[in-house]
file my_file_30.txt (compact mmCIF, C-alpha atoms)
# COMPACT_ATOMS: atom_id res chain seq x y z
CA MET W 1 0.00 0.00 0.00
CA ALA W 2 1.35 3.42 -0.96
CA GLN W 3 2.55 5.70 1.81
CA ARG W 4 0.35 8.80 1.90
CA ILE W 5 2.30 12.07 1.96
CA ILE W 6 0.04 14.93 3.00
CA LEU W 7 1.32 18.31 1.88
CA LEU W 8 -0.17 21.07 3.98
CA ALA W 9 -0.82 24.09 1.74
CA ILE W 10 -0.95 27.38 3.63
CA PRO W 11 -1.40 30.90 2.26
CA GLY W 12 1.87 32.43 1.08
CA THR W 13 3.61 29.09 0.67
CA TRP W 14 6.44 28.81 -1.82
CA GLY W 15 5.22 26.92 -4.85
CA SER W 16 8.55 25.15 -5.30
CA SER W 17 8.65 23.75 -1.78
CA LEU W 18 5.16 22.35 -2.30
CA MET W 19 5.03 21.20 -5.92
CA GLY W 20 8.70 20.20 -5.82
CA VAL W 21 7.82 17.63 -3.15
CA VAL W 22 4.89 16.35 -5.21
CA ASP W 23 7.20 15.94 -8.20
CA ILE W 24 9.90 14.09 -6.28
CA PHE W 25 7.50 11.51 -4.88
CA SER W 26 5.63 11.16 -8.19
CA ILE W 27 8.87 10.63 -10.10
CA SER W 28 9.97 8.15 -7.44
CA ASN W 29 6.91 6.08 -8.30
CA ILE W 30 7.87 6.14 -11.98
CA ILE W 31 11.46 5.10 -11.20
CA ALA W 32 10.21 2.31 -8.93
CA GLY W 33 8.05 1.05 -11.79
CA HIS W 34 11.05 0.89 -14.11
CA VAL W 35 13.10 -0.92 -11.48
CA THR W 36 10.46 -3.51 -10.56
CA LYS W 37 8.80 -3.71 -14.01
CA GLU W 38 5.50 -3.29 -12.17
CA ASN W 39 3.07 -0.47 -11.50
CA ALA W 40 4.82 0.30 -8.23
CA GLN W 41 3.19 3.10 -6.25
CA LEU W 42 5.39 3.75 -3.23
CA PHE W 43 3.90 7.13 -2.44
CA GLU W 44 0.61 8.96 -2.74
CA PRO W 45 1.24 12.70 -2.44
CA LEU W 46 -1.90 14.69 -1.61
CA ILE W 47 -2.31 18.44 -1.08
CA TYR W 48 -4.61 19.49 1.76
CA SER W 49 -5.45 22.94 3.09
CA MET W 50 -6.86 23.78 6.50
CA ASP W 51 -10.41 24.14 5.17
CA GLY W 52 -10.21 22.22 1.89
CA LYS W 53 -10.33 25.42 -0.17
CA PRO W 54 -7.74 26.56 -2.77
CA VAL W 55 -4.70 28.42 -1.48
CA VAL W 56 -2.84 31.39 -2.96
CA CYS W 57 0.94 30.81 -3.19
CA SER W 58 3.56 33.50 -2.60
CA SER W 59 3.76 34.05 -6.36
CA GLY W 60 0.04 34.80 -6.54
CA GLN W 61 -0.90 31.53 -8.21
CA VAL W 62 -4.02 29.79 -6.96
CA LEU W 63 -3.38 26.19 -5.96
CA SER W 64 -6.20 23.66 -5.94
CA VAL W 65 -6.15 21.03 -3.19
CA ASP W 66 -7.27 17.43 -2.68
CA GLY W 67 -9.00 17.88 0.66
CA SER W 68 -8.84 19.35 4.16
CA VAL W 69 -6.76 18.54 7.23
CA ALA W 70 -9.80 16.81 8.73
CA GLU W 71 -9.05 13.92 6.38
CA ILE W 72 -5.51 13.30 7.65
CA GLN W 73 -4.96 9.82 9.09
CA SER W 74 -2.60 8.93 11.94
CA GLU W 75 -0.35 6.83 9.69
CA ASP W 76 0.12 9.65 7.17
CA ILE W 77 3.36 11.56 6.81
CA VAL W 78 2.51 15.26 6.99
CA TYR W 79 4.70 17.87 5.34
CA MET W 80 4.41 21.65 5.79
CA PRO W 81 6.30 23.78 3.22
CA ALA W 82 8.03 27.08 3.82
CA ILE W 83 6.45 30.49 3.46
CA THR W 84 8.05 33.85 2.75
CA MET W 85 9.50 35.47 5.86
CA ALA W 86 13.00 36.80 6.38
CA THR W 87 12.80 39.71 8.84
CA ASN W 88 11.48 40.09 12.38
CA ARG W 89 8.51 42.04 11.10
CA GLN W 90 7.63 39.48 8.43
CA ILE W 91 7.96 36.65 10.92
CA GLN W 92 5.73 38.35 13.48
CA THR W 93 3.12 39.12 10.83
CA ALA W 94 3.13 35.56 9.47
CA LEU W 95 2.82 33.98 12.91
CA GLN W 96 -0.08 36.24 13.86
CA ALA W 97 -1.85 35.59 10.55
CA ASN W 98 -1.50 31.83 11.04
CA ALA W 99 -2.57 31.58 14.69
CA PRO W 100 -5.25 28.94 13.89
CA LEU W 101 -2.64 26.82 12.09
CA ILE W 102 -0.26 27.04 15.06
CA GLU W 103 -3.01 25.94 17.45
CA TRP W 104 -3.87 23.04 15.12
CA LEU W 105 -0.21 22.01 14.96
CA SER W 106 0.09 21.97 18.76
CA LEU W 107 -2.90 19.62 19.00
CA LYS W 108 -2.28 17.33 16.03
CA VAL W 109 1.46 16.97 15.36
CA PRO W 110 2.13 14.73 18.43
CA HIS W 111 -0.27 12.17 16.95
CA PHE W 112 1.21 12.01 13.42
CA SER W 113 3.57 9.20 12.50
CA LEU W 114 5.94 11.83 11.11
CA PHE W 115 5.73 15.59 10.64
CA ILE W 116 8.14 17.32 8.28
CA THR W 117 8.90 20.96 7.64
CA HIS W 118 11.86 23.19 6.82
CA CYS W 119 13.09 26.76 6.70
CA SER W 120 10.39 29.07 8.17
CA GLY W 121 8.42 26.06 9.39
CA ALA W 122 10.69 25.89 12.44
CA PHE W 123 9.09 29.08 13.77
CA PHE W 124 5.63 27.53 13.60
CA LEU W 125 6.85 24.47 15.50
CA ALA W 126 8.44 26.69 18.15
CA GLU W 127 5.31 28.81 18.52
CA ALA W 128 3.24 25.65 18.91
CA GLY W 129 5.50 24.49 21.75
CA LEU W 130 6.40 21.27 19.93
CA VAL W 131 10.20 21.44 19.95
CA ASP W 132 11.12 22.67 23.42
CA ASP W 133 13.06 19.46 24.13
CA MET W 134 14.27 18.78 20.58
CA THR W 135 17.09 19.79 18.26
CA ILE W 136 15.78 21.37 15.08
CA ALA W 137 17.04 23.17 11.99
CA THR W 138 16.01 26.27 10.09
CA ALA W 139 17.38 28.28 7.18
CA TRP W 140 20.82 29.71 7.82
CA PHE W 141 19.52 33.21 7.10
CA LEU W 142 16.84 32.84 9.80
CA ALA W 143 19.07 31.29 12.47
CA LYS W 144 20.04 34.50 14.26
CA ILE W 145 16.42 35.66 14.50
CA PHE W 146 15.32 32.22 15.68
CA LYS W 147 17.94 32.10 18.44
CA ARG W 148 16.93 35.51 19.70
CA ARG W 149 13.25 34.65 19.66
CA TYR W 150 13.59 31.16 21.15
CA PRO W 151 16.85 31.14 23.15
CA LYS W 152 16.00 27.94 25.05
CA ILE W 153 15.37 25.80 21.94
CA ASP W 154 18.31 23.78 20.66
CA LEU W 155 18.82 25.04 17.10
CA ASP W 156 21.40 23.38 14.87
CA SER W 157 21.97 26.24 12.46
CA GLU W 158 24.44 24.23 10.38
CA ALA W 159 22.31 21.14 9.80
CA ILE W 160 20.69 20.30 6.48
CA CYS W 161 18.22 18.12 8.33
CA THR W 162 17.45 17.17 11.93
CA GLU W 163 15.21 14.46 13.34
CA SER W 164 13.85 14.36 16.88
CA GLY W 165 10.90 12.28 17.94
CA ASN W 166 8.33 12.34 15.17
CA ILE W 167 9.52 15.69 13.78
CA MET W 168 11.95 16.07 10.89
CA CYS W 169 13.12 19.60 10.15
CA GLY W 170 15.19 20.90 7.25
CA GLY W 171 17.34 23.94 6.67
CA ALA W 172 17.04 26.51 3.90
CA THR W 173 14.70 26.50 0.93
CA SER W 174 15.91 23.56 -1.15
CA SER W 175 16.34 21.29 1.87
CA TYR W 176 12.92 19.89 1.05
CA GLN W 177 14.85 17.74 -1.42
CA ASP W 178 16.98 16.29 1.38
CA LEU W 179 13.86 15.66 3.45
CA CYS W 180 12.21 13.82 0.57
CA LEU W 181 15.28 11.63 0.07
CA ARG W 182 15.19 10.69 3.74
CA ILE W 183 11.56 9.62 3.44
CA ILE W 184 12.33 7.64 0.29
CA GLU W 185 15.22 5.95 2.08
CA ARG W 186 12.92 5.05 4.98
CA THR W 187 10.18 3.70 2.73
CA ALA W 188 12.39 1.89 0.23
CA ASP W 189 16.12 1.83 1.00
CA ARG W 190 19.28 3.89 0.69
CA HIS W 191 20.13 2.52 -2.74
CA PHE W 192 16.76 3.56 -4.17
CA ALA W 193 17.04 7.01 -2.58
CA ARG W 194 20.43 7.47 -4.26
CA LEU W 195 18.92 6.32 -7.55
CA VAL W 196 16.19 8.97 -7.29
CA ALA W 197 18.80 11.59 -6.39
CA LYS W 198 20.81 10.74 -9.50
CA PHE W 199 17.79 10.88 -11.82
CA LEU W 200 16.78 14.27 -10.42
CA MET W 201 20.36 15.58 -10.08
CA ILE W 202 19.88 16.22 -6.37
CA ASP W 203 23.03 16.54 -4.30
CA ASN W 204 22.43 13.91 -1.64
CA GLN W 205 25.90 14.35 -0.16
CA ARG W 206 25.16 17.66 1.56
CA VAL W 207 25.74 17.44 5.29
CA SER W 208 25.86 21.10 6.28
CA GLN W 209 24.44 24.49 5.31
CA ILE W 210 27.74 26.21 6.09
CA PRO W 211 29.26 26.23 2.58
CA TYR W 212 26.05 27.79 1.23
CA THR W 213 25.70 30.58 3.75
CA LEU W 214 26.04 34.23 2.88
CA LEU W 215 26.37 37.10 5.29
CA ALA W 216 22.91 38.48 4.70
CA ASP W 217 22.23 42.14 5.43
CA TYR W 218 21.75 42.59 9.13
CA ASP W 219 18.43 43.76 10.48
CA ILE W 220 20.08 46.73 12.21
CA ASP W 221 18.07 49.17 14.29
CA ASP W 222 21.03 51.23 15.55
CA PRO W 223 22.34 53.99 13.23
CA VAL W 224 25.82 53.84 14.78
CA VAL W 225 26.10 50.11 14.12
CA GLU W 226 24.69 50.54 10.62
CA GLN W 227 27.23 53.27 9.78
CA SER W 228 29.99 51.12 11.28
CA GLU W 229 29.08 48.17 9.10
CA GLN W 230 29.11 50.34 5.99
CA TRP W 231 32.52 51.78 6.92
CA ILE W 232 33.97 48.33 7.65
CA ARG W 233 32.79 46.98 4.27
CA LYS W 234 34.68 49.78 2.50
CA HIS W 235 37.93 49.15 4.39
CA LEU W 236 38.14 45.36 4.56
CA ASP W 237 41.53 45.28 2.82
CA GLU W 238 43.03 47.42 5.58
CA ASP W 239 44.28 46.61 9.08
CA ILE W 240 41.10 47.64 10.89
CA ARG W 241 41.23 48.44 14.59
CA ILE W 242 38.21 49.00 16.80
CA LYS W 243 39.42 52.56 17.41
CA ASP W 244 39.39 53.18 13.64
CA VAL W 245 35.75 52.16 13.43
CA ALA W 246 34.81 54.13 16.52
CA ASP W 247 36.53 57.27 15.19
CA ALA W 248 34.74 56.87 11.85
CA VAL W 249 31.32 57.00 13.54
CA ALA W 250 32.31 59.48 16.27
CA VAL W 251 31.87 57.33 19.38
CA SER W 252 34.27 55.80 21.89
CA PRO W 253 35.48 52.20 21.41
CA ARG W 254 33.63 51.19 24.59
CA THR W 255 30.38 52.70 23.32
CA LEU W 256 30.85 51.03 19.94
CA ILE W 257 31.33 47.59 21.51
CA ARG W 258 28.31 48.07 23.78
CA ARG W 259 26.03 49.11 20.92
CA PHE W 260 27.23 46.22 18.73
CA LYS W 261 26.47 43.75 21.52
CA LYS W 262 23.00 45.22 22.04
CA SER W 263 22.08 45.47 18.34
CA LEU W 264 23.78 42.41 16.81
CA GLY W 265 24.66 40.25 19.79
CA GLU W 266 28.31 40.21 18.75
CA SER W 267 31.44 42.35 18.85
CA PRO W 268 32.79 44.60 16.07
CA GLN W 269 35.74 42.18 15.73
CA SER W 270 33.33 39.33 15.05
CA LEU W 271 31.55 41.29 12.32
CA ILE W 272 34.85 42.29 10.71
CA GLN W 273 35.92 38.66 10.63
CA LYS W 274 32.62 37.53 9.08
CA LEU W 275 32.71 40.25 6.44
CA ARG W 276 36.26 39.25 5.49
CA ILE W 277 35.24 35.61 5.18
CA GLU W 278 32.30 36.69 3.02
CA LYS W 279 34.55 38.75 0.77
CA SER W 280 36.96 35.83 0.37
CA LYS W 281 34.07 33.54 -0.61
CA LEU W 282 32.99 36.01 -3.28
CA LEU W 283 36.52 36.22 -4.67
CA LEU W 284 36.85 32.43 -4.70
CA GLU W 285 33.53 32.18 -6.57
CA THR W 286 34.14 34.86 -9.18
CA THR W 287 37.90 35.15 -9.78
CA HIS W 288 41.01 33.06 -10.39
CA PHE W 289 43.11 35.10 -7.95
CA PRO W 290 45.66 33.01 -6.06
CA TRP W 291 44.93 32.48 -2.37
CA SER W 292 47.72 34.87 -1.36
CA GLN W 293 46.07 37.71 -3.29
CA ILE W 294 42.64 36.93 -1.85
CA VAL W 295 44.08 36.94 1.66
CA SER W 296 45.66 40.33 1.04
CA ARG W 297 42.45 41.79 -0.40
CA CYS W 298 40.64 40.67 2.76
CA GLY W 299 43.01 42.51 5.08
CA TYR W 300 45.08 39.54 6.27
CA SER W 301 48.79 38.83 5.90
CA ASP W 302 48.98 35.30 7.32
CA GLU W 303 47.72 32.89 4.64
CA SER W 304 47.72 29.82 6.87
CA SER W 305 45.84 31.57 9.66
CA PHE W 306 43.17 32.86 7.28
CA ARG W 307 42.87 29.41 5.67
CA ARG W 308 42.15 27.86 9.09
CA LEU W 309 39.66 30.63 9.84
CA PHE W 310 37.94 30.06 6.49
CA LYS W 311 37.61 26.32 7.07
CA ARG W 312 36.25 26.84 10.59
CA HIS W 313 33.55 29.21 9.30
CA CYS W 314 32.72 27.48 6.00
CA GLY W 315 33.24 23.81 6.81
CA VAL W 316 35.47 23.28 3.76
CA SER W 317 38.91 24.46 2.66
CA PRO W 318 39.25 27.46 0.30
CA GLY W 319 40.31 25.10 -2.49
CA ASP W 320 37.30 22.83 -2.04
CA TYR W 321 35.01 25.86 -1.86
CA ARG W 322 36.38 27.26 -5.12
CA GLN W 323 36.04 23.89 -6.85
CA ARG W 324 32.41 23.64 -5.82
CA PHE W 325 31.20 27.18 -6.38
CA ASN W 326 33.43 28.87 -8.99
CA SER W 327 31.27 28.53 -12.10
CA SER W 328 33.93 30.17 -14.30
CA GLU W 329 36.04 27.03 -13.88
CA LYS W 330 33.26 24.79 -15.16
CA THR W 331 33.02 26.11 -18.71
CA LEU W 332 31.62 24.12 -21.59
CA GLY W 333 34.06 21.73 -23.20
CA LYS W 334 36.06 21.18 -20.03
call {"tool": "encode", "arguments": {"input": "my_file_30.txt", "output": "structure tokens"}}
result
Amino acid sequence: MAQRIILLAIPGTWGSSLMGVVDIFSISNIIAGHVTKENAQLFEPLIYSMDGKPVVCSSGQVLSVDGSVAEIQSEDIVYMPAITMATNRQIQTALQANAPLIEWLSLKVPHFSLFITHCSGAFFLAEAGLVDDMTIATAWFLAKIFKRRYPKIDLDSEAICTESGNIMCGGATSSYQDLCLRIIERTADRHFARLVAKFLMIDNQRVSQIPYTLLADYDIDDPVVEQSEQWIRKHLDEDIRIKDVADAVAVSPRTLIRRFKKSLGESPQSLIQKLRIEKSKLLLETTHFPWSQIVSRCGYSDESSFRRLFKRHCGVSPGDYRQRFNSSEKTLGK
């Protein structure tokens, strides 16, 4: 009997993280048929909304559904896709708008055989009080906000996927692919999951979000910190001291450190280091500069020290990072 996968459509959901899941499980059925030479239906993906009515996706498209959440059975695997939210204000608005969904989750999720979500879905789980004693994941660009909002919840901000109890949680947007592969592996086996990954060109070897992270623009509410960040970005190739930054924004070093801690939860030195790592990643992705030149352009003189720092922050060496992400090295005919 096919495993039912219930996809919970909610207003503002990303179409890719909903229909992409439908496609993966549907194609898995086709591949299984080729492998077994039978009409093998391993999965039955169904789209349900809270009330059984069509849902408008983030792109404005209207999505028809197969039923309502009242039809979910205890043995079903329930998947909730991500919705658009990236700032504190967007998160607060989305959570308030989906209060009935959060209440429903708090009542129903403990009784599902498996509940899956990713990215922004972690906030809904936290609001529903479902992950207080669990380790969960969220998108790398939401991790800082999540930690501030739910400091007592164990967040693995590096993980592609976490599993605690009957809850499986993925990282950033495309991690729904990793979640699907895990379900396929559970239902069939690891070999079949790898086969599906190869047919769909899904990278099933990802173990961390770190190599994919960018230093997204901070949600800064302090003009001194904002001006400091802008000044630091313009002087990354220099030997920056805290006093230099403080002088540039007309405050004392002590005041600068205090306002950084209050606004960003970190020191100016930490931000400088992150911005230099981010600049080095960009140079590795877009140029063929030797490592020594990249190190110099990022304000460092010790190549070995910066290489160790890069690997600690990115999870891979500079050479491995360049090989994976520098598209200019992967030209046609090579």
call {"tool": "residues_around", "arguments": {"input": "my_file_30.txt", "residues": "Val22 (chain W)", "least_positions_apart": "5", "cutoff": "10 Å", "atoms": "all atoms listed in the file", "output": "PyMOL selection string"}}
result
chain W and resi 5-7+16-17+27-28+43-47+180
call {"tool": "closest_residue", "arguments": {"input": "my_file_30.txt", "among": "W:Asp178, W:Thr138, W:Met201, W:Glu229", "to": "Glu158 (chain W)", "atoms": "only C-alpha atoms"}}
result
W:Thr138
call {"tool": "residues_around", "arguments": {"input": "my_file_30.txt", "residues": "Asp154 (chain W)", "least_positions_apart": "5", "cutoff": "7 Å", "atoms": "all atoms listed in the file", "output": "list in words"}}
result
Met134, Thr135 and Ile136 of chain W
call {"tool": "residues_near_point", "arguments": {"input": "my_file_30.txt", "point": "(15.7, 12.8, 1.5)", "cutoff": "12 Å", "atoms": "only C-alpha atoms", "output": "compact mmCIF listing (two decimals) with C-alpha atoms, in the coordinates of the input"}}
result
# COMPACT_ATOMS: atom_id res chain seq x y z
CA VAL W 21 7.82 17.63 -3.15
CA ILE W 24 9.90 14.09 -6.28
CA PHE W 25 7.50 11.51 -4.88
CA SER W 28 9.97 8.15 -7.44
CA ILE W 116 8.14 17.32 8.28
CA ILE W 160 20.69 20.30 6.48
CA CYS W 161 18.22 18.12 8.33
CA THR W 162 17.45 17.17 11.93
CA GLU W 163 15.21 14.46 13.34
CA MET W 168 11.95 16.07 10.89
CA CYS W 169 13.12 19.60 10.15
CA GLY W 170 15.19 20.90 7.25
CA SER W 174 15.91 23.56 -1.15
CA SER W 175 16.34 21.29 1.87
CA TYR W 176 12.92 19.89 1.05
CA GLN W 177 14.85 17.74 -1.42
CA ASP W 178 16.98 16.29 1.38
CA LEU W 179 13.86 15.66 3.45
CA CYS W 180 12.21 13.82 0.57
CA LEU W 181 15.28 11.63 0.07
CA ARG W 182 15.19 10.69 3.74
CA ILE W 183 11.56 9.62 3.44
CA ILE W 184 12.33 7.64 0.29
CA GLU W 185 15.22 5.95 2.08
CA ARG W 186 12.92 5.05 4.98
CA THR W 187 10.18 3.70 2.73
CA ALA W 188 12.39 1.89 0.23
CA ASP W 189 16.12 1.83 1.00
CA ARG W 190 19.28 3.89 0.69
CA HIS W 191 20.13 2.52 -2.74
CA PHE W 192 16.76 3.56 -4.17
CA ALA W 193 17.04 7.01 -2.58
CA ARG W 194 20.43 7.47 -4.26
CA LEU W 195 18.92 6.32 -7.55
CA VAL W 196 16.19 8.97 -7.29
CA ALA W 197 18.80 11.59 -6.39
CA ILE W 202 19.88 16.22 -6.37
CA ASP W 203 23.03 16.54 -4.30
CA ASN W 204 22.43 13.91 -1.64
CA GLN W 205 25.90 14.35 -0.16
CA ARG W 206 25.16 17.66 1.56
CA VAL W 207 25.74 17.44 5.29
call {"tool": "residues_around", "arguments": {"input": "my_file_30.txt", "residues": "region 127-132 of chain W", "least_positions_apart": "6", "cutoff": "10 Å", "atoms": "all atoms listed in the file", "output": "VMD selection string"}}
result
chain W and resid 95 99 101 to 107 109 to 110 149 to 150 152 to 155 164 to 165 167
